[in-house]
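Enquirer: Structure in structure tokens, see below.
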Amino acid sequence: MNREQTRTDTMEEQPRSRALSPGYRYWILPLIGLCTLCGFARTPAAASTGFIRAHETHLLDVEDNAFVRFRGIGLGGDSNYALDSDAADVRHCAEMGASVVRVVSPARAFETDTSYGFVRFDTLARAANREGVRIIVSMDCADAESEAAACWGSSDEQDRMARGWIRIAKHLRGRPEVAAYELMAHPVFPDVRDYKLFAQYLIDSIREIDTRHLIIATEPAGGAGFASVRHPESFLNDDNLAYGFAEYEPDAFTMQSIGRRPAGVVWPGEFVTEVKEVGEWPRRAMGGSGESKRLKLETIAPDGAEFLAPRVYVKGSGRATFSAVTVEEVNVFDRRGGDILVFADTFDRLENIWWPEPAGAHLLWERVENPGEGRIVVEGMRGTATAQPYTRYDTHLLAHAESGRRYRMTATVEAGESTEAGLGLVFLTVTAGRDDGSSLNTRMQSRADWARKAGAPMMLMEFGAVRQAPETTAIDWDSAVIQSCERNSLSWSYRTFREFGDPEHGSDRHLFGVYRATPNVPTGSAAVWPGMFDLLWNTYKRKAPVTRVVMPHEPLIHHRNPVPPPAGCWFGAAAPQSPAVPGSPTTFASIMAFARKAGKSPAWVLIHSPWKTEQGQWTKFPEDGIREISAAGSTAVIAWDLTYAPAFVLAGMADTYIRRWADESRRYQDTLVIRLPRGIDVGAYLHIFGIFEDRGAANVSWMWLPDDSDTRSVSERPWPGARAVDWIGFDVHGRPELDDTGIALKLFPADRVAERIA
């Protein structure tokens, strides 16, 4: 029974004959304990031939009539984004087993039909077609250096993006290696209604040219996002639409050391969730005289104040300049001791990052020749603009305040004509909360729930942590994100990062060991983060879930089945308890802990599930447990232990229970192997198999375990038939052979087993 392994956007297999000859039967060893996985050679993939369509909350390959799930890598990097990536990067992603590669490009790369973006993209698309993966085309705002909200809110930039999408649609409309068009990579819209209008404008522009490709609308930042949409089912109008989102919470962890975020933050842990202003002294203002003045204000810290920070403001459409800002605690008890300096900034160095508000206000940094004479310029937008040296990321830089104490702020201010400028002292309280796997899964579950209401697929478009995040906790966070996506049946794409603040590492391709090292990169930089490489490899390497579109009770066309490695063998693990049993060791964390030690994940994890519990209750289908196994990069093998005689099964007394398991197996979608008890009656085996077949559980493969006490030859033993058997299994139990010193010579008597098989 030889099977060919192909892949479109997933690892896919061709319809096959069920004829089973002894020379080509598959055997699996459900070993006790955890064993190393071998045989990782990669089979060349086939080109993608079918377009992807949204089918309720699933993605459907229309050519193969199969549901698919994307597991991808997003390319990103320097000023040209992923356009500086090349065919070798795509090949490397394919070698890891990724089914999609997300390519983010600026709108300026597609301003004409001959722009460099099309030339570079054609190179990537040809590589994707050759490697059997797909490309997600994503567009970012035209000017990556501009203020995000101002860029996305600009009518000129919006028109530029629409023109770019029209050109892209004309160029790619007949190419199925393109999985989807992602309208906006990192949209920023404080009001989701503005986002809706622009997104629909882009959709309509694309659909005038291309009606076949899937379109992805990614959740906007800057506001409440999709959570503020009351009616998801009517949010955007298109019959082939999916939604996307990004996951960077807590961003103090994922983006640490960027923008004054603290360094050395670990996850799980406590993170600042809110910075609340509890009081501000009325601002001391001056009109636009064109002259510099030294302003001063004093106030007493209100009740509840924990921190304080200076604030400068501009009212009107002009600008004002601020320099030599200081804050002191006034020593009212002993004036001879002097006041206590708690904050000072002369703007000579970027020691304190000042942030303007609201979005659209501008802040400029001016340095002068003489030390201590630097300054900032704040420009208003007809309303009131402020700037202050804190965000919720850098509260660790704030000065502590104490209720009832007196504080003084001074600064040199120069206001322009028709402009009012002033100072303010802000008192703050900080709220922190714990972020861990539970809170992460809650966020993912809310996205999945929103997608179900919208009746559309949902994909995590990007997640990741920069290099400054401690390696072990970053891997834990990435693992938890992947695990949560798998639990909630979400497609996902890991995003590589350029190294912020490190000019020698400005490219993605050698970051975290995901990409190869280039000639101008120091030796060994391709393994900056081998743990991340191992995690992704062990996650991508398995086949993405594929379920044939089979209606309930429709006869099964053919089974999904794990494809054996082209070389070597697969070894797995047998867990003593089912994931359905509380306290079971078969969890994502335990499997990943083993994978890190062994260097690879187990290909199989065998679990036992009896038909009834000790209390006499029918057992439930262990979906949560097998999703843990699947999320760890392994295939679940359920040893479904019957507790009744064959006559009970053949009489149909357990049919309701079997049908429930068949339906839940079908809804699970991912590949699953069921192993019935050793030496089970052939009639009972076929009865159970037939119910699963009638219920359309196409993702289930079947393992036959002959009775190892049967001394007859293989040809004389009862046999369910090739149609009902995907794998033949047998158990080997016993102690290892020891030498004279007590050292194990052989942990597994492979030679003796081979003799008996022969």
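Starting from 1 in every chain, residues are counted up; chains themselves are A, B, ... following the order of the structure tokens, and ligands are numbered from 1 as listed.
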Just list as a PyMOL selection string whatever in range 103-277 of chain A DSSP marks as strand (DSSP E or B).
Expert: chain A and resi 103-106+134-140+178-182+188+214-218+221+241-247+269-277
Enquirer: Restricting the calculation to only C-alpha atoms, which member of A:Ala697, A:Leu60, A:Ala305, A:Val104 is positioned closest to Arg660 in chain A?
Expert: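 Looking at the shortest contact to Arg660 in chain A, the residue is A:Ala697.
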Enquirer: Hey, what's within 7 Å of Ala432 in chain A if we count only C-alpha atoms and toss same-chain stuff fewer than 3 positions away? As a ChimeraX atom specification, please?
Expert: /A:270-274
Enquirer: Using DSSP secondary structure from the backbone, list all alpha helix (DSSP H) positions within range 103-233 of chain A, as a PyMOL selection string.
Expert: chain A and resi 116-131+148-153+155-172+192-207
Enquirer: Mind giving me the straight-line distance from CA of Asp251 in chain A to CA of Ser446 in chain A in Å, one decimal?
Expert: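 It comes out at 18.6 Å.
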Enquirer: So how far away is CA of Phe427 in chain A from CA of Gly304 in chain A, in Å?
Expert: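 Between CA of Gly304 in chain A and CA of Phe427 in chain A the gap is 8.8 Å.
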Enquirer: From the options A:Ala54, A:Ala227, A:Val137, A:Leu606, which residue's atoms come nearest to Glu177 in chain A, counting only C-alpha atoms?
Expert: A:Val137
Enquirer: Kindly indicate which residue among A:Gly416, A:Pro302, A:Gly424, A:Gly244 lies nearest to Pro457 in chain A, using only C-alpha atoms for the distances.
Expert: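 Counting only C-alpha atoms, the residue closest to Pro457 in chain A is A:Gly244.
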Enquirer: Quick one: of A:Phe189, A:Trp267, A:Tyr657, A:Trp604, who's nearest to Gly572 in chain A, counting only C-alpha atoms?
Expert: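 Answer, going by the shortest atom-to-atom distance: A:Trp604.
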Enquirer: If you take only C-alpha atoms and a cut-off of 7 Å, which residues of range 397-473 of chain A touch range 275-283 of chain A, and what are their nearest atom pairs and distances in Å to one decimal, in chain and number order, as a tab-separated table?
Expert:
residue	atom	partner	partner_atom	distance
A:Gly422	CA	A:Arg283	CA	5.8
A:Leu423	CA	A:Arg283	CA	5.2
A:Gly424	CA	A:Arg283	CA	4.9
A:Leu425	CA	A:Glu280	CA	5.4
A:Val426	CA	A:Glu280	CA	4.5
A:Phe427	CA	A:Gly279	CA	5.1
A:Leu428	CA	A:Glu277	CA	4.5
A:Thr429	CA	A:Lys276	CA	5.3
A:Val430	CA	A:Val275	CA	4.8
A:Thr431	CA	A:Val275	CA	6.5
Enquirer: Keeping only C-alpha atoms, take the residues you just selected and write them out as a JSON list (two decimals), in the first residue's frame.
Expert:
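Below you can see out.json, which holds the result:
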[["chain", "number", "residue", "atom", "x", "y", "z"],
["A", 422, "GLY", "CA", 1.51, 75.53, 29.12],
["A", 423, "LEU", "CA", 2.59, 72.98, 31.71],
["A", 424, "GLY", "CA", 0.88, 70.37, 33.80],
["A", 425, "LEU", "CA", 1.79, 67.89, 36.53],
["A", 426, "VAL", "CA", 0.05, 64.55, 36.09],
["A", 427, "PHE", "CA", -0.47, 62.12, 38.96],
["A", 428, "LEU", "CA", -0.96, 58.47, 38.13],
["A", 429, "THR", "CA", -1.94, 55.12, 39.52],
["A", 430, "VAL", "CA", -0.89, 51.87, 37.85],
["A", 431, "THR", "CA", -2.88, 48.65, 37.60]]
Enquirer: Between A:Cys141, A:Val327, A:Ala401, A:Ile206, which one has atoms that come closest to Pro187 in chain A, using only C-alpha atoms?
Expert: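 Counting only C-alpha atoms, the residue closest to Pro187 in chain A is A:Cys141.
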Enquirer: For Ala636 in chain A, list every protein, DNA or RNA residue within 10 Å, evaluated using only C-alpha atoms, and leave out those in the same chain fewer than 6 positions away; present the list as a list in words.
Expert: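 What passes the distance filter is Gly572, Ala573, Ala603, Trp604, Val605, Leu606, Ile607, Gly625, Ile626, Arg627, Glu628, Ile629, Ser630, Asp670, Thr671, Leu672, Val673 and Ile674 of chain A.
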